[in-house]
Amino acid sequence: MMDLQVTANIRESTRVLAISGGVGGAKLALGLSHLLGPEQLTIVANTADDFEHLGLHISPDLDTLMYTLAGLDNPVQGWGLDGESWTVMDALEALGGETWFRLGDRDLATHLYRSAQLRAGRRLSEVTRDLCSTMLVEHPIVPMTDDVVATMIETGGSLISFQDYFVKQSCAPSVQSISFVGAERAQPHPLWFNQLFDSELDAIIVCPSNPFVSVDPILSLPGVRDAIRETSARVIAVSPIIGGQAVKGPAALMLKQLGHDVSAWGVGEYYREWVDTLVIDQLDATLSARIEDLGLKVEVLPTMMNTLEERVCLAAAVLEMVKRP
Ligand code: FO1
C-alpha cells in the first residue's frame with residue numbers, strides 16, 4: 001500500500017456499504033478500502049451492464065472495481081487492465097470478427113475463467129470472490145444479484161442493449177427511457193442486502209456513479225429502495241456531476257435527455273427520497289442552499305479524484321461525516 005499522509009480517526013466498529021458502478025465509483029471505493037478493513041467495508045456493484053459477447057460473460061463494473069482495488073486498472077481508459085496487449089483483438093479484426101467491444105489479452109483470461117465457471121453452474125458472486133482472491137483484493141466486492149438483469153435503453157421508439165448504446169454507438173442515441181429487464185424477479189445478494197437491516201451498519205455511501213444506469217439498477221431490485229428508506233444507517237451520496245458536467249460517461253447527457261436539471265442540484269432532486277446527505281464539489285458550492293431546500297444535508301468537498309491521495313482524502317472526509325449526527 002502506498003505511504004499516504006491521510007489519516008482518519010475511524011472507529012474499529014464502523015461498518016460501511018458502498019454502492020458503485022464502474023470508473024467513478026471505483027475511485028471512491030479504492031479510497032474507502034485504504035481506510036477501512038475488509039470486515040468494515042462491503043462494495044455492492046452494478047451488474048446490469050453485464051452482457052454476453054463473443055460467447056463470454058462480461059461484467060464490466062465488477063471488473064473495474066476488482067482491477068482498481070488490485071491496483072491493476074488502466075487509469076487512462078477507465079476500464080480493463082494496465083499495460084494490456086491486444087493480440088487477440090488484432091487477430092479477430094483480421095478475421096472480420098466483432099471488435100467494437102475491445103477485450104485485452106489478459107482481460108480475456110478473466111472473461112474466459114468467469115464464463116467457464118458460470119457454465120459449470122457456479123454463481124457470479126462465487127466466481128467474483130475467486131477472482132478477487134487471486135488478485136489479492138481483500139474487501140468484498142459483491143454483485144448486486146446473482147440473477148440476470150440487463151439495462152435496456154429506449155431510443156427512437158426501440159430498445160437497444162446498454163453496451164450497444166454506450167460503446168458501439170458512443171452514447172449518441174438520445175435516451176427516452178431506461179429499463180432493467182429481469183430486475184423484478186432478481187434477488188438482491190444477501191451479503192449486502194441483509195446489511196440494510198442491520199443496526200450495526202453506520203453508512204451507505206453512494207459512490208459518484210451514474211444515477212440512471214449504475215445506481216438505479218441496484219435500487220430497482222425487489223425490496224432495496226424500501227430497505228434503504230427505512231435503514232438506520234446514514235445514506236451519503238457523492239454527486240457524479242461537477243460544474244454541470246460528468247467527470248466521465250453519459251450522466252450529464254442522461255440528466256438532460258430525461259428532463260432533469262444538469263447539475264448537482266438535479267442529482268439531489270433525483271436522489272432526495274432515499275438519500276440524507278449529498279456531497280457536492282467546491283465548484284458547486286453556490287448550489288448548497290437550493291439543495292438544502294430539497295430536504296437534503298449538503299457537504300462541500302473537493303470531489304475530483306485524479307490521484308490516489310485525492311481518493312483517500314475524499315473517502316476520509318465522507319467517513320468523518322459518518323461520525324457526526
Ligand atoms: N468501454 C469502451 O468504451 N470501449 C470498450 O471497448 C470497452 C471494453 C471493455 C471490456 C471489458 C470491460 O470490463 C469493460 C469494457 N469497457 C469498454 C467499459 C464498459 O463497457 C463501461 O465502462 C461500463 O459498462 C460502464 O460502467
# chains A, B, ... in the order shown; residues from 1 in each chain; ligands from 1
$ residues_around --residues "region 214-226 of chain A" --least-positions-apart "4" --cutoff "6 Å" --atoms "only C-alpha atoms" --output "PyMOL selection string"
chain A and resi 21+46+183+210
$ residues_around --residues "Leu118 (chain A)" --least-positions-apart "2" --cutoff "12 Å" --atoms "only C-alpha atoms" --output "PyMOL selection string"
chain A and resi 52+56-58+111-116+120-128+146-148
$ residues_around --residues "Ala237 (chain A)" --least-positions-apart "4" --cutoff "12 Å" --atoms "only C-alpha atoms" --output "NGL selection string"
:A and (17-20 or 25 or 28 or 203-211 or 215 or 241 or 264 or 267-268 or 270-272 or 274-281 or 296-300 or 303 or 315 or 318-319 or 321-322)
$ select_by_dssp --residues "region 23-239 of chain A" --states "strand (DSSP E)" --output "NGL selection string"
:A and (41-45 or 51-53 or 56-58 or 141-143 or 150-155 or 158-161 or 177-181 or 203-206 or 234-238)
$ write_last_selection --atoms "N, CA and C atoms" --output "compact mmCIF listing (two decimals), in the first residue's frame"
# COMPACT_ATOMS: atom_id res chain seq x y z
N LEU A 41 -15.98 -2.79 5.31
CA LEU A 41 -16.48 -2.23 4.04
C LEU A 41 -16.93 -3.34 3.10
N THR A 42 -18.15 -3.21 2.60
CA THR A 42 -18.64 -4.10 1.54
C THR A 42 -18.98 -3.20 0.35
N ILE A 43 -18.57 -3.64 -0.84
CA ILE A 43 -18.86 -2.86 -2.05
C ILE A 43 -19.87 -3.65 -2.88
N VAL A 44 -21.02 -3.05 -3.13
CA VAL A 44 -22.00 -3.72 -3.99
C VAL A 44 -21.92 -3.09 -5.37
N ALA A 45 -21.81 -3.96 -6.39
CA ALA A 45 -21.57 -3.48 -7.76
C ALA A 45 -22.78 -3.69 -8.65
N PHE A 51 -23.09 -8.43 -20.05
CA PHE A 51 -23.68 -8.96 -21.28
C PHE A 51 -22.83 -10.10 -21.81
N GLU A 52 -23.43 -10.83 -22.76
CA GLU A 52 -22.72 -11.92 -23.44
C GLU A 52 -22.07 -11.32 -24.68
N HIS A 53 -20.78 -11.56 -24.84
CA HIS A 53 -20.10 -11.04 -26.03
C HIS A 53 -19.06 -12.07 -26.46
N LEU A 56 -18.79 -14.94 -24.33
CA LEU A 56 -18.26 -14.78 -22.97
C LEU A 56 -19.16 -13.90 -22.13
N HIS A 57 -19.15 -14.16 -20.82
CA HIS A 57 -19.91 -13.31 -19.89
C HIS A 57 -19.01 -12.18 -19.43
N ILE A 58 -19.40 -10.93 -19.76
CA ILE A 58 -18.58 -9.76 -19.38
C ILE A 58 -19.29 -9.04 -18.24
N ILE A 141 -16.27 -7.50 -2.82
CA ILE A 141 -16.97 -6.85 -3.94
C ILE A 141 -18.09 -7.82 -4.31
N VAL A 142 -19.33 -7.38 -4.10
CA VAL A 142 -20.46 -8.29 -4.25
C VAL A 142 -21.34 -7.84 -5.41
N PRO A 143 -21.62 -8.74 -6.37
CA PRO A 143 -22.56 -8.36 -7.43
C PRO A 143 -23.92 -8.04 -6.81
N ALA A 150 -30.63 -6.87 -17.15
CA ALA A 150 -29.99 -6.18 -18.28
C ALA A 150 -30.58 -4.79 -18.48
N THR A 151 -29.71 -3.78 -18.48
CA THR A 151 -30.15 -2.41 -18.76
C THR A 151 -30.49 -2.29 -20.24
N MET A 152 -31.68 -1.76 -20.53
CA MET A 152 -32.09 -1.53 -21.91
C MET A 152 -32.39 -0.04 -22.07
N ILE A 153 -31.95 0.50 -23.20
CA ILE A 153 -32.13 1.93 -23.46
C ILE A 153 -33.20 2.08 -24.54
N GLU A 154 -34.22 2.89 -24.24
CA GLU A 154 -35.23 3.18 -25.26
C GLU A 154 -34.78 4.43 -26.02
N THR A 155 -34.64 4.27 -27.33
CA THR A 155 -34.23 5.40 -28.16
C THR A 155 -34.93 5.29 -29.52
N SER A 158 -37.31 2.40 -30.13
CA SER A 158 -36.92 0.98 -29.98
C SER A 158 -35.94 0.79 -28.83
N LEU A 159 -35.76 -0.47 -28.45
CA LEU A 159 -34.89 -0.78 -27.31
C LEU A 159 -33.54 -1.31 -27.79
N ILE A 160 -32.47 -0.78 -27.22
CA ILE A 160 -31.15 -1.33 -27.51
C ILE A 160 -30.46 -1.68 -26.19
N SER A 161 -29.49 -2.59 -26.28
CA SER A 161 -28.80 -3.01 -25.04
C SER A 161 -27.86 -1.89 -24.59
N SER A 177 -36.01 6.45 -22.36
CA SER A 177 -36.25 5.83 -21.06
C SER A 177 -35.24 4.70 -20.86
N ILE A 178 -35.16 4.24 -19.62
CA ILE A 178 -34.19 3.19 -19.27
C ILE A 178 -34.94 2.13 -18.47
N SER A 179 -34.72 0.86 -18.82
CA SER A 179 -35.38 -0.20 -18.05
C SER A 179 -34.36 -1.29 -17.70
N PHE A 180 -34.71 -2.06 -16.69
CA PHE A 180 -33.81 -3.10 -16.20
C PHE A 180 -34.53 -4.44 -16.31
N VAL A 181 -34.31 -5.10 -17.42
CA VAL A 181 -35.04 -6.34 -17.69
C VAL A 181 -34.58 -7.43 -16.72
N ALA A 203 -23.23 3.43 7.63
CA ALA A 203 -23.49 4.29 6.46
C ALA A 203 -23.57 3.51 5.17
N ILE A 204 -24.43 4.04 4.30
CA ILE A 204 -24.44 3.61 2.91
C ILE A 204 -23.83 4.77 2.14
N ILE A 205 -22.76 4.50 1.43
CA ILE A 205 -22.12 5.56 0.65
C ILE A 205 -22.38 5.28 -0.83
N VAL A 206 -23.08 6.21 -1.46
CA VAL A 206 -23.39 6.06 -2.88
C VAL A 206 -22.25 6.75 -3.63
N ARG A 234 -26.78 6.07 7.94
CA ARG A 234 -26.74 7.32 7.16
C ARG A 234 -26.65 6.97 5.68
N VAL A 235 -27.30 7.73 4.81
CA VAL A 235 -27.16 7.48 3.37
C VAL A 235 -26.53 8.73 2.75
N ILE A 236 -25.29 8.59 2.34
CA ILE A 236 -24.50 9.72 1.85
C ILE A 236 -24.16 9.46 0.38
N ALA A 237 -24.56 10.38 -0.49
CA ALA A 237 -24.24 10.20 -1.92
C ALA A 237 -23.26 11.27 -2.36
N VAL A 238 -22.34 10.89 -3.21
CA VAL A 238 -21.39 11.85 -3.79
C VAL A 238 -21.86 12.14 -5.22
$ residues_around --residues "Leu103 (chain A)" --least-positions-apart "4" --cutoff "12 Å" --atoms "only C-alpha atoms" --output "PDB file with all heavy atoms, in the first residue's frame"
ATOM      1  N   HIS A  53     -20.780 -11.559 -24.843  1.00  0.00           N
ATOM      2  CA  HIS A  53     -20.098 -11.041 -26.029  1.00  0.00           C
ATOM      3  C   HIS A  53     -19.064 -12.068 -26.465  1.00  0.00           C
ATOM      4  O   HIS A  53     -18.284 -12.543 -25.644  1.00  0.00           O
ATOM      5  CB  HIS A  53     -19.433  -9.697 -25.699  1.00  0.00           C
ATOM      6  CG  HIS A  53     -18.814  -9.036 -26.863  1.00  0.00           C
ATOM      7  ND1 HIS A  53     -19.522  -8.673 -27.992  1.00  0.00           N
ATOM      8  CD2 HIS A  53     -17.530  -8.682 -27.104  1.00  0.00           C
ATOM      9  CE1 HIS A  53     -18.709  -8.111 -28.862  1.00  0.00           C
ATOM     10  NE2 HIS A  53     -17.491  -8.112 -28.358  1.00  0.00           N
ATOM     11  N   LEU A  54     -19.071 -12.415 -27.728  1.00  0.00           N
ATOM     12  CA  LEU A  54     -18.169 -13.437 -28.274  1.00  0.00           C
ATOM     13  C   LEU A  54     -18.278 -14.730 -27.447  1.00  0.00           C
ATOM     14  O   LEU A  54     -17.282 -15.430 -27.229  1.00  0.00           O
ATOM     15  CB  LEU A  54     -16.717 -12.937 -28.286  1.00  0.00           C
ATOM     16  CG  LEU A  54     -16.446 -11.631 -29.056  1.00  0.00           C
ATOM     17  CD1 LEU A  54     -15.008 -11.144 -28.828  1.00  0.00           C
ATOM     18  CD2 LEU A  54     -16.705 -11.826 -30.554  1.00  0.00           C
ATOM     19  N   LEU A  56     -18.794 -14.939 -24.332  1.00  0.00           N
ATOM     20  CA  LEU A  56     -18.256 -14.782 -22.974  1.00  0.00           C
ATOM     21  C   LEU A  56     -19.160 -13.896 -22.131  1.00  0.00           C
ATOM     22  O   LEU A  56     -19.823 -12.988 -22.653  1.00  0.00           O
ATOM     23  CB  LEU A  56     -16.853 -14.153 -23.039  1.00  0.00           C
ATOM     24  CG  LEU A  56     -15.820 -14.947 -23.830  1.00  0.00           C
ATOM     25  CD1 LEU A  56     -14.528 -14.158 -23.955  1.00  0.00           C
ATOM     26  CD2 LEU A  56     -15.549 -16.290 -23.155  1.00  0.00           C
ATOM     27  N   HIS A  57     -19.154 -14.159 -20.817  1.00  0.00           N
ATOM     28  CA  HIS A  57     -19.915 -13.310 -19.894  1.00  0.00           C
ATOM     29  C   HIS A  57     -19.005 -12.176 -19.432  1.00  0.00           C
ATOM     30  O   HIS A  57     -17.979 -12.420 -18.800  1.00  0.00           O
ATOM     31  CB  HIS A  57     -20.389 -14.134 -18.689  1.00  0.00           C
ATOM     32  CG  HIS A  57     -21.194 -13.337 -17.719  1.00  0.00           C
ATOM     33  ND1 HIS A  57     -22.556 -13.487 -17.558  1.00  0.00           N
ATOM     34  CD2 HIS A  57     -20.833 -12.337 -16.870  1.00  0.00           C
ATOM     35  CE1 HIS A  57     -22.986 -12.635 -16.645  1.00  0.00           C
ATOM     36  NE2 HIS A  57     -21.951 -11.915 -16.214  1.00  0.00           N
ATOM     37  N   ILE A  58     -19.396 -10.935 -19.758  1.00  0.00           N
ATOM     38  CA  ILE A  58     -18.580  -9.765 -19.384  1.00  0.00           C
ATOM     39  C   ILE A  58     -19.293  -9.041 -18.238  1.00  0.00           C
ATOM     40  O   ILE A  58     -20.498  -8.762 -18.327  1.00  0.00           O
ATOM     41  CB  ILE A  58     -18.417  -8.774 -20.569  1.00  0.00           C
ATOM     42  CG1 ILE A  58     -18.158  -9.512 -21.902  1.00  0.00           C
ATOM     43  CG2 ILE A  58     -17.346  -7.723 -20.270  1.00  0.00           C
ATOM     44  CD1 ILE A  58     -16.812 -10.114 -22.075  1.00  0.00           C
ATOM     45  N   SER A  59     -18.562  -8.721 -17.189  1.00  0.00           N
ATOM     46  CA  SER A  59     -19.103  -7.978 -16.029  1.00  0.00           C
ATOM     47  C   SER A  59     -18.269  -6.713 -15.848  1.00  0.00           C
ATOM     48  O   SER A  59     -17.389  -6.651 -14.973  1.00  0.00           O
ATOM     49  CB  SER A  59     -19.026  -8.817 -14.753  1.00  0.00           C
ATOM     50  OG  SER A  59     -19.893  -9.911 -14.806  1.00  0.00           O
ATOM     51  N   PRO A  60     -18.529  -5.663 -16.649  1.00  0.00           N
ATOM     52  CA  PRO A  60     -17.629  -4.508 -16.671  1.00  0.00           C
ATOM     53  C   PRO A  60     -17.422  -3.829 -15.310  1.00  0.00           C
ATOM     54  O   PRO A  60     -16.289  -3.524 -14.945  1.00  0.00           O
ATOM     55  CB  PRO A  60     -18.295  -3.545 -17.661  1.00  0.00           C
ATOM     56  CG  PRO A  60     -19.171  -4.396 -18.500  1.00  0.00           C
ATOM     57  CD  PRO A  60     -19.625  -5.506 -17.611  1.00  0.00           C
ATOM     58  N   TRP A  79     -11.233   1.416 -17.903  1.00  0.00           N
ATOM     59  CA  TRP A  79     -11.696   0.023 -17.860  1.00  0.00           C
ATOM     60  C   TRP A  79     -10.528  -0.859 -18.308  1.00  0.00           C
ATOM     61  O   TRP A  79      -9.552  -0.368 -18.878  1.00  0.00           O
ATOM     62  CB  TRP A  79     -12.918  -0.202 -18.771  1.00  0.00           C
ATOM     63  CG  TRP A  79     -12.764   0.352 -20.160  1.00  0.00           C
ATOM     64  CD1 TRP A  79     -13.121   1.595 -20.577  1.00  0.00           C
ATOM     65  CD2 TRP A  79     -12.178  -0.300 -21.312  1.00  0.00           C
ATOM     66  NE1 TRP A  79     -12.805   1.766 -21.907  1.00  0.00           N
ATOM     67  CE2 TRP A  79     -12.234   0.603 -22.373  1.00  0.00           C
ATOM     68  CE3 TRP A  79     -11.639  -1.568 -21.523  1.00  0.00           C
ATOM     69  CZ2 TRP A  79     -11.760   0.303 -23.658  1.00  0.00           C
ATOM     70  CZ3 TRP A  79     -11.169  -1.877 -22.798  1.00  0.00           C
ATOM     71  CH2 TRP A  79     -11.236  -0.944 -23.846  1.00  0.00           C
ATOM     72  N   GLY A  80     -10.624  -2.133 -18.032  1.00  0.00           N
ATOM     73  CA  GLY A  80      -9.580  -3.067 -18.442  1.00  0.00           C
ATOM     74  C   GLY A  80      -8.320  -2.942 -17.595  1.00  0.00           C
ATOM     75  O   GLY A  80      -8.281  -2.249 -16.576  1.00  0.00           O
ATOM     76  N   LEU A  81      -7.279  -3.638 -18.049  1.00  0.00           N
ATOM     77  CA  LEU A  81      -6.034  -3.743 -17.279  1.00  0.00           C
ATOM     78  C   LEU A  81      -4.959  -2.815 -17.811  1.00  0.00           C
ATOM     79  O   LEU A  81      -4.904  -2.548 -19.024  1.00  0.00           O
ATOM     80  CB  LEU A  81      -5.521  -5.183 -17.367  1.00  0.00           C
ATOM     81  CG  LEU A  81      -6.319  -6.205 -16.548  1.00  0.00           C
ATOM     82  CD1 LEU A  81      -6.134  -7.609 -17.111  1.00  0.00           C
ATOM     83  CD2 LEU A  81      -5.909  -6.155 -15.085  1.00  0.00           C
ATOM     84  N   GLU A  84      -1.925  -3.528 -20.997  1.00  0.00           N
ATOM     85  CA  GLU A  84      -2.601  -4.606 -21.729  1.00  0.00           C
ATOM     86  C   GLU A  84      -2.016  -4.766 -23.130  1.00  0.00           C
ATOM     87  O   GLU A  84      -1.492  -3.814 -23.723  1.00  0.00           O
ATOM     88  CB  GLU A  84      -4.101  -4.256 -21.796  1.00  0.00           C
ATOM     89  CG  GLU A  84      -5.016  -5.295 -22.354  1.00  0.00           C
ATOM     90  CD  GLU A  84      -5.003  -6.613 -21.591  1.00  0.00           C
ATOM     91  OE1 GLU A  84      -4.040  -7.369 -21.784  1.00  0.00           O
ATOM     92  OE2 GLU A  84      -5.947  -6.874 -20.825  1.00  0.00           O
ATOM     93  N   SER A  85      -2.092  -5.973 -23.700  1.00  0.00           N
ATOM     94  CA  SER A  85      -1.756  -6.177 -25.126  1.00  0.00           C
ATOM     95  C   SER A  85      -3.036  -6.608 -25.850  1.00  0.00           C
ATOM     96  O   SER A  85      -4.003  -7.023 -25.218  1.00  0.00           O
ATOM     97  CB  SER A  85      -0.660  -7.232 -25.258  1.00  0.00           C
ATOM     98  OG  SER A  85      -1.104  -8.448 -24.696  1.00  0.00           O
ATOM     99  N   TRP A  86      -3.027  -6.499 -27.169  1.00  0.00           N
ATOM    100  CA  TRP A  86      -4.273  -6.641 -27.941  1.00  0.00           C
ATOM    101  C   TRP A  86      -4.143  -7.640 -29.083  1.00  0.00           C
ATOM    102  O   TRP A  86      -4.810  -7.525 -30.117  1.00  0.00           O
ATOM    103  CB  TRP A  86      -4.694  -5.255 -28.481  1.00  0.00           C
ATOM    104  CG  TRP A  86      -4.880  -4.276 -27.362  1.00  0.00           C
ATOM    105  CD1 TRP A  86      -3.955  -3.422 -26.858  1.00  0.00           C
ATOM    106  CD2 TRP A  86      -6.059  -4.131 -26.549  1.00  0.00           C
ATOM    107  NE1 TRP A  86      -4.467  -2.721 -25.787  1.00  0.00           N
ATOM    108  CE2 TRP A  86      -5.766  -3.134 -25.578  1.00  0.00           C
ATOM    109  CE3 TRP A  86      -7.314  -4.724 -26.540  1.00  0.00           C
ATOM    110  CZ2 TRP A  86      -6.695  -2.734 -24.615  1.00  0.00           C
ATOM    111  CZ3 TRP A  86      -8.238  -4.320 -25.584  1.00  0.00           C
ATOM    112  CH2 TRP A  86      -7.923  -3.332 -24.633  1.00  0.00           C
ATOM    113  N   THR A  87      -3.300  -8.650 -28.916  1.00  0.00           N
ATOM    114  CA  THR A  87      -3.027  -9.628 -29.971  1.00  0.00           C
ATOM    115  C   THR A  87      -4.308 -10.323 -30.440  1.00  0.00           C
ATOM    116  O   THR A  87      -4.549 -10.469 -31.642  1.00  0.00           O
ATOM    117  CB  THR A  87      -2.019 -10.683 -29.454  1.00  0.00           C
ATOM    118  OG1 THR A  87      -0.922  -9.987 -28.877  1.00  0.00           O
ATOM    119  CG2 THR A  87      -1.538 -11.583 -30.569  1.00  0.00           C
ATOM    120  N   VAL A  88      -5.136 -10.727 -29.496  1.00  0.00           N
ATOM    121  CA  VAL A  88      -6.354 -11.458 -29.876  1.00  0.00           C
ATOM    122  C   VAL A  88      -7.307 -10.546 -30.652  1.00  0.00           C
ATOM    123  O   VAL A  88      -7.853 -10.934 -31.690  1.00  0.00           O
ATOM    124  CB  VAL A  88      -7.054 -12.053 -28.627  1.00  0.00           C
ATOM    125  CG1 VAL A  88      -8.371 -12.715 -29.013  1.00  0.00           C
ATOM    126  CG2 VAL A  88      -6.138 -13.050 -27.935  1.00  0.00           C
ATOM    127  N   MET A  89      -7.478  -9.288 -30.181  1.00  0.00           N
ATOM    128  CA  MET A  89      -8.367  -8.348 -30.892  1.00  0.00           C
ATOM    129  C   MET A  89      -7.852  -8.095 -32.312  1.00  0.00           C
ATOM    130  O   MET A  89      -8.638  -8.046 -33.262  1.00  0.00           O
ATOM    131  CB  MET A  89      -8.456  -7.015 -30.146  1.00  0.00           C
ATOM    132  CG  MET A  89      -9.428  -6.968 -29.001  1.00  0.00           C
ATOM    133  SD  MET A  89     -11.172  -7.236 -29.393  1.00  0.00           S
ATOM    134  CE  MET A  89     -11.401  -8.902 -28.796  1.00  0.00           C
ATOM    135  N   ASP A  90      -6.523  -7.947 -32.452  1.00  0.00           N
ATOM    136  CA  ASP A  90      -5.949  -7.708 -33.792  1.00  0.00           C
ATOM    137  C   ASP A  90      -6.216  -8.907 -34.708  1.00  0.00           C
ATOM    138  O   ASP A  90      -6.587  -8.742 -35.879  1.00  0.00           O
ATOM    139  CB  ASP A  90      -4.434  -7.440 -33.689  1.00  0.00           C
ATOM    140  CG  ASP A  90      -4.140  -6.109 -32.995  1.00  0.00           C
ATOM    141  OD1 ASP A  90      -5.094  -5.297 -32.853  1.00  0.00           O
ATOM    142  OD2 ASP A  90      -2.988  -5.880 -32.588  1.00  0.00           O
ATOM    143  N   ALA A  91      -6.030 -10.113 -34.155  1.00  0.00           N
ATOM    144  CA  ALA A  91      -6.258 -11.319 -34.963  1.00  0.00           C
ATOM    145  C   ALA A  91      -7.740 -11.446 -35.316  1.00  0.00           C
ATOM    146  O   ALA A  91      -8.098 -11.824 -36.436  1.00  0.00           O
ATOM    147  CB  ALA A  91      -5.777 -12.547 -34.193  1.00  0.00           C
ATOM    148  N   LEU A  92      -8.595 -11.089 -34.353  1.00  0.00           N
ATOM    149  CA  LEU A  92     -10.044 -11.164 -34.589  1.00  0.00           C
ATOM    150  C   LEU A  92     -10.452 -10.172 -35.674  1.00  0.00           C
ATOM    151  O   LEU A  92     -11.282 -10.472 -36.546  1.00  0.00           O
ATOM    152  CB  LEU A  92     -10.785 -10.872 -33.270  1.00  0.00           C
ATOM    153  CG  LEU A  92     -12.287 -11.064 -33.253  1.00  0.00           C
ATOM    154  CD1 LEU A  92     -12.679 -12.505 -33.543  1.00  0.00           C
ATOM    155  CD2 LEU A  92     -12.858 -10.658 -31.884  1.00  0.00           C
ATOM    156  N   GLU A  93      -9.848  -9.000 -35.637  1.00  0.00           N
ATOM    157  CA  GLU A  93     -10.138  -7.980 -36.648  1.00  0.00           C
ATOM    158  C   GLU A  93      -9.744  -8.492 -38.043  1.00  0.00           C
ATOM    159  O   GLU A  93     -10.495  -8.325 -39.007  1.00  0.00           O
ATOM    160  CB  GLU A  93      -9.366  -6.697 -36.321  1.00  0.00           C
ATOM    161  CG  GLU A  93      -9.802  -5.521 -37.170  1.00  0.00           C
ATOM    162  CD  GLU A  93      -9.294  -4.194 -36.606  1.00  0.00           C
ATOM    163  OE1 GLU A  93      -8.339  -4.193 -35.810  1.00  0.00           O
ATOM    164  OE2 GLU A  93      -9.878  -3.176 -36.991  1.00  0.00           O
ATOM    165  N   GLU A  98     -16.058  -9.370 -34.628  1.00  0.00           N
ATOM    166  CA  GLU A  98     -16.576  -8.167 -33.945  1.00  0.00           C
ATOM    167  C   GLU A  98     -15.535  -7.613 -32.974  1.00  0.00           C
ATOM    168  O   GLU A  98     -15.172  -8.304 -32.011  1.00  0.00           O
ATOM    169  CB  GLU A  98     -17.811  -8.540 -33.126  1.00  0.00           C
ATOM    170  CG  GLU A  98     -19.094  -8.526 -33.925  1.00  0.00           C
ATOM    171  CD  GLU A  98     -20.273  -8.598 -32.977  1.00  0.00           C
ATOM    172  OE1 GLU A  98     -20.623  -7.565 -32.384  1.00  0.00           O
ATOM    173  OE2 GLU A  98     -20.830  -9.692 -32.823  1.00  0.00           O
ATOM    174  N   THR A  99     -15.109  -6.386 -33.215  1.00  0.00           N
ATOM    175  CA  THR A  99     -14.088  -5.797 -32.326  1.00  0.00           C
ATOM    176  C   THR A  99     -14.524  -4.447 -31.741  1.00  0.00           C
ATOM    177  O   THR A  99     -13.700  -3.728 -31.185  1.00  0.00           O
ATOM    178  CB  THR A  99     -12.752  -5.623 -33.084  1.00  0.00           C
ATOM    179  OG1 THR A  99     -13.017  -4.859 -34.249  1.00  0.00           O
ATOM    180  CG2 THR A  99     -12.134  -6.952 -33.451  1.00  0.00           C
ATOM    181  N   ASP A 107      -7.168  -9.385 -19.972  1.00  0.00           N
ATOM    182  CA  ASP A 107      -8.557  -9.218 -19.527  1.00  0.00           C
ATOM    183  C   ASP A 107      -9.395 -10.422 -20.000  1.00  0.00           C
ATOM    184  O   ASP A 107     -10.280 -10.898 -19.292  1.00  0.00           O
ATOM    185  CB  ASP A 107      -9.100  -7.902 -20.120  1.00  0.00           C
ATOM    186  CG  ASP A 107     -10.485  -7.531 -19.610  1.00  0.00           C
ATOM    187  OD1 ASP A 107     -10.790  -7.857 -18.446  1.00  0.00           O
ATOM    188  OD2 ASP A 107     -11.253  -6.916 -20.368  1.00  0.00           O
ATOM    189  N   LEU A 108      -9.061 -10.911 -21.226  1.00  0.00           N
ATOM    190  CA  LEU A 108      -9.794 -12.065 -21.767  1.00  0.00           C
ATOM    191  C   LEU A 108      -9.732 -13.259 -20.822  1.00  0.00           C
ATOM    192  O   LEU A 108     -10.707 -14.016 -20.708  1.00  0.00           O
ATOM    193  CB  LEU A 108      -9.191 -12.465 -23.117  1.00  0.00           C
ATOM    194  CG  LEU A 108      -9.933 -11.985 -24.358  1.00  0.00           C
ATOM    195  CD1 LEU A 108      -9.100 -12.253 -25.600  1.00  0.00           C
ATOM    196  CD2 LEU A 108     -11.294 -12.657 -24.477  1.00  0.00           C
ATOM    197  N   ALA A 109      -8.606 -13.408 -20.139  1.00  0.00           N
ATOM    198  CA  ALA A 109      -8.477 -14.541 -19.211  1.00  0.00           C
ATOM    199  C   ALA A 109      -9.553 -14.454 -18.123  1.00  0.00           C
ATOM    200  O   ALA A 109     -10.146 -15.467 -17.737  1.00  0.00           O
ATOM    201  CB  ALA A 109      -7.081 -14.557 -18.600  1.00  0.00           C
ATOM    202  N   THR A 110      -9.819 -13.236 -17.645  1.00  0.00           N
ATOM    203  CA  THR A 110     -10.876 -13.047 -16.625  1.00  0.00           C
ATOM    204  C   THR A 110     -12.226 -13.515 -17.178  1.00  0.00           C
ATOM    205  O   THR A 110     -12.974 -14.238 -16.516  1.00  0.00           O
ATOM    206  CB  THR A 110     -10.967 -11.547 -16.230  1.00  0.00           C
ATOM    207  OG1 THR A 110      -9.703 -11.129 -15.732  1.00  0.00           O
ATOM    208  CG2 THR A 110     -12.046 -11.301 -15.189  1.00  0.00           C
ATOM    209  N   HIS A 111     -12.528 -13.080 -18.426  1.00  0.00           N
ATOM    210  CA  HIS A 111     -13.839 -13.420 -19.004  1.00  0.00           C
ATOM    211  C   HIS A 111     -13.946 -14.913 -19.326  1.00  0.00           C
ATOM    212  O   HIS A 111     -15.011 -15.504 -19.167  1.00  0.00           O
ATOM    213  CB  HIS A 111     -14.102 -12.579 -20.255  1.00  0.00           C
ATOM    214  CG  HIS A 111     -13.869 -11.122 -20.040  1.00  0.00           C
ATOM    215  ND1 HIS A 111     -14.467 -10.428 -19.013  1.00  0.00           N
ATOM    216  CD2 HIS A 111     -13.064 -10.241 -20.684  1.00  0.00           C
ATOM    217  CE1 HIS A 111     -14.041  -9.172 -19.042  1.00  0.00           C
ATOM    218  NE2 HIS A 111     -13.189  -9.039 -20.041  1.00  0.00           N
ATOM    219  N   LEU A 112     -12.829 -15.509 -19.782  1.00  0.00           N
ATOM    220  CA  LEU A 112     -12.829 -16.958 -20.065  1.00  0.00           C
ATOM    221  C   LEU A 112     -13.060 -17.735 -18.770  1.00  0.00           C
ATOM    222  O   LEU A 112     -13.882 -18.649 -18.723  1.00  0.00           O
ATOM    223  CB  LEU A 112     -11.482 -17.382 -20.690  1.00  0.00           C
ATOM    224  CG  LEU A 112     -11.271 -16.961 -22.151  1.00  0.00           C
ATOM    225  CD1 LEU A 112      -9.802 -17.094 -22.552  1.00  0.00           C
ATOM    226  CD2 LEU A 112     -12.152 -17.808 -23.078  1.00  0.00           C
TER     227      LEU A 112
END
$ residues_around --residues "Ala172 (chain A)" --least-positions-apart "4" --cutoff "10 Å" --atoms "only C-alpha atoms" --output "ChimeraX atom specification"
/A:165-168,250,253
$ atom_distance --atom1 "CA of Leu95 (chain A)" --atom2 "atom 4 (N, counted along the ligand's line) of ligand 1"
19.8 Å
$ atom_distance --atom1 "CA of Asp261 (chain A)" --atom2 "CA of Lys248 (chain A)"
17.7 Å
$ select_by_dssp --residues "region 41-162 of chain A" --states "alpha helix (DSSP H)" --output "PyMOL selection string"
chain A and resi 60-70+87-94+105-119+124-134+162
